[in-house]
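Enquirer: One structure follows; several queries about it will come next.
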Amino acid sequence: AGEKPELLELLESTSNRGYQHAYESTTSVTSSNSGIDATKAWLAPPPEGSAGRRGRRESLFVSHKLANSEQSTDKVSVRRAVKAAIATLGVGYLDLVSLHSPLTTSRQRLATYEALLELRDSGFIQSVGVCNYGLQPLQEIENAGLDLPSINQLELSPFHTHAPVLDWCNKRTVAIGCGAWSKLSSQTGPQEEWSKLGDIAKAKGMTKAQVLVRWSLQKGYVCVPRSASTSKLERVAIAENSYGGVNPDAAGPSPILTEDEMNMIDTFNTNLKAGQLGRRDGWEDEDVTGPEWDPTEIV
């Protein structure tokens with residue numbers, strides 16, 4: 001037997017904590033398709049047969065993101081790409097498919113989005129979302145008379161609250177997704193605010209990452225902490241950042257942030273831009289023009 005694929009191992013290590021969101025994107029799967037193969041293996045029929053497989057699939061939320069290179073004015077090619085991902089994964093349907101970023105043209109964004117809506121209406125996917133969308137690309141969808149996205153996933157944290165985008169989405173019942181984890185501070189980020197966050201975490205007997213996750217949950221955001229793992233310490237962090245990790249047993253300290261704590265965290269906003277975070281999530285090095293660059297401000 002060979003070494004267990006990483007994604008399969010991650011799914012097994014997190015599934016018993018209610019952490020069953022399998023995310024796969026074209027840009028994050030290696031050329032060997034190990035991520036896809038691992039997901040397919042994890043979804044393989046258990047001994048009880050097809051009924052067990054169906055139950056196992058229904059307990060997972062499988063999302064997929066279309067890379068910028070897959071956004072196209074040719075809706076047929078978009079539909080083909082999504083159907084290929086479904087076939088390769090062997091899942092029958094995808095729960096959510098999102099455009100990974102708005103860093104294409106208006107025509108590409110809208111045509112790709114329309115193709116996803118058609119796939120939704122045909123039953124191949126359950127919902128359509130967008131990522132890193134600011135006001136202009138969101139308004140494009142509304143102006144075109146299309147159904148609004150189910151969710152807009154942002155680089156959202158107390159250090160960059162994206163207030164105008166949140167206001168637009170909240171008024172139109174578009175859910176907000178975020179990844180709230182400790183690296184949002186960045187090496188050149190808001191050190192004073194990061195220190196204050198540490199004081200709150202210490203007082204509650206929690207990690208800073210746990211406080212960030214708890215903050216996002218109490219804000220009503222859809223928070224799925226990152227689960228990539230390359231070391232034992234990071235595997236421990238998976239547990240700490242899972243929903244179970246921010247909801248410890250009643251015998252332990254309460255993870256619920258008080259009104260005063262939430263108000264304190266709400267003062268941390270410094271409009272920390274994606275250009276300072278050093279991550280490449282839906283964009284390449286050449287897209288980032290400097291530390292003040294942010295994909296939500298693309299016009």
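Letters A, B, ... go to the chains of the structure tokens in the order shown; residues in each chain start at 1; ligands are counted from 1 in the same order.
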Do a neighbour search on Lys202 (chain A) at 10 Å with only C-alpha atoms, toss out local chain neighbours closer than 6 positions, and write the hits as an NGL selection string.

Expert: :A and (196 or 208 or 211)

Enquirer: Compile the contact shell of Ser72 (chain A) as a list in words: residues with an atom at most 12 Å away, counting only C-alpha atoms, same-chain residues fewer than 5 positions apart removed.

Expert: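 Here the qualifying residues turn out to be Leu66, Ala67, Ser77, Val78, Arg79, Arg80, Ala81, Leu99, Thr104, Thr105, Ser106, Arg107, Gln108, Arg109, Leu110, Ala111, Thr112, Tyr113, Glu114, Ala115 and Leu116 of chain A.
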
Enquirer: Kindly export the residues of the current selection with N, CA and C atoms, as an mmCIF file, in the first residue's frame.

Expert:
```
data_model
loop_
_atom_site.group_PDB
_atom_site.id
_atom_site.type_symbol
_atom_site.label_atom_id
_atom_site.label_comp_id
_atom_site.auth_asym_id
_atom_site.auth_seq_id
_atom_site.Cartn_x
_atom_site.Cartn_y
_atom_site.Cartn_z
ATOM 1 N N LEU A 66 -13.607 27.906 -9.821
ATOM 2 C CA LEU A 66 -13.102 28.018 -11.183
ATOM 3 C C LEU A 66 -11.969 29.036 -11.216
ATOM 4 N N ALA A 67 -10.833 28.622 -11.751
ATOM 5 C CA ALA A 67 -9.684 29.506 -11.867
ATOM 6 C C ALA A 67 -9.956 30.589 -12.901
ATOM 7 N N SER A 77 -17.646 25.831 -22.716
ATOM 8 C CA SER A 77 -16.380 25.404 -22.115
ATOM 9 C C SER A 77 -16.449 25.464 -20.594
ATOM 10 N N VAL A 78 -17.170 26.433 -20.061
ATOM 11 C CA VAL A 78 -17.335 26.523 -18.613
ATOM 12 C C VAL A 78 -18.119 25.321 -18.094
ATOM 13 N N ARG A 79 -19.225 25.022 -18.758
ATOM 14 C CA ARG A 79 -20.032 23.873 -18.331
ATOM 15 C C ARG A 79 -19.228 22.580 -18.436
ATOM 16 N N ARG A 80 -18.418 22.477 -19.489
ATOM 17 C CA ARG A 80 -17.604 21.281 -19.680
ATOM 18 C C ARG A 80 -16.588 21.129 -18.542
ATOM 19 N N ALA A 81 -15.988 22.237 -18.120
ATOM 20 C CA ALA A 81 -14.988 22.190 -17.050
ATOM 21 C C ALA A 81 -15.604 21.732 -15.736
ATOM 22 N N LEU A 99 -16.654 31.464 -8.672
ATOM 23 C CA LEU A 99 -15.591 32.102 -9.446
ATOM 24 C C LEU A 99 -14.504 32.510 -8.460
ATOM 25 N N THR A 104 -10.619 39.066 -14.201
ATOM 26 C CA THR A 104 -10.746 38.801 -15.636
ATOM 27 C C THR A 104 -11.475 40.004 -16.230
ATOM 28 N N THR A 105 -12.218 39.806 -17.303
ATOM 29 C CA THR A 105 -12.994 40.905 -17.882
ATOM 30 C C THR A 105 -14.454 40.778 -17.468
ATOM 31 N N SER A 106 -15.175 41.865 -17.614
ATOM 32 C CA SER A 106 -16.595 41.845 -17.288
ATOM 33 C C SER A 106 -17.333 40.794 -18.121
ATOM 34 N N ARG A 107 -17.020 40.686 -19.397
ATOM 35 C CA ARG A 107 -17.681 39.710 -20.266
ATOM 36 C C ARG A 107 -17.378 38.286 -19.823
ATOM 37 N N GLN A 108 -16.138 38.023 -19.450
ATOM 38 C CA GLN A 108 -15.786 36.685 -18.978
ATOM 39 C C GLN A 108 -16.498 36.345 -17.672
ATOM 40 N N ARG A 109 -16.494 37.304 -16.745
ATOM 41 C CA ARG A 109 -17.144 37.069 -15.455
ATOM 42 C C ARG A 109 -18.625 36.748 -15.631
ATOM 43 N N LEU A 110 -19.315 37.572 -16.408
ATOM 44 C CA LEU A 110 -20.763 37.403 -16.537
ATOM 45 C C LEU A 110 -21.122 36.120 -17.293
ATOM 46 N N ALA A 111 -20.401 35.833 -18.372
ATOM 47 C CA ALA A 111 -20.697 34.617 -19.139
ATOM 48 C C ALA A 111 -20.434 33.371 -18.295
ATOM 49 N N THR A 112 -19.337 33.378 -17.536
ATOM 50 C CA THR A 112 -19.022 32.245 -16.665
ATOM 51 C C THR A 112 -20.089 32.088 -15.592
ATOM 52 N N TYR A 113 -20.489 33.194 -15.013
ATOM 53 C CA TYR A 113 -21.509 33.169 -13.966
ATOM 54 C C TYR A 113 -22.835 32.642 -14.514
ATOM 55 N N GLU A 114 -23.216 33.094 -15.713
ATOM 56 C CA GLU A 114 -24.445 32.597 -16.337
ATOM 57 C C GLU A 114 -24.376 31.092 -16.570
ATOM 58 N N ALA A 115 -23.217 30.603 -17.003
ATOM 59 C CA ALA A 115 -23.058 29.165 -17.228
ATOM 60 C C ALA A 115 -23.241 28.384 -15.930
ATOM 61 N N LEU A 116 -22.740 28.939 -14.826
ATOM 62 C CA LEU A 116 -22.910 28.264 -13.537
ATOM 63 C C LEU A 116 -24.381 28.250 -13.109
#
```

Enquirer: Pick from A:Gly177, A:Gly123, A:Gly290, A:Gly129: nearest to Lys83 (chain A), with only C-alpha atoms counted?

Expert: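 Counting only C-alpha atoms, the residue closest to Lys83 (chain A) is A:Gly123.
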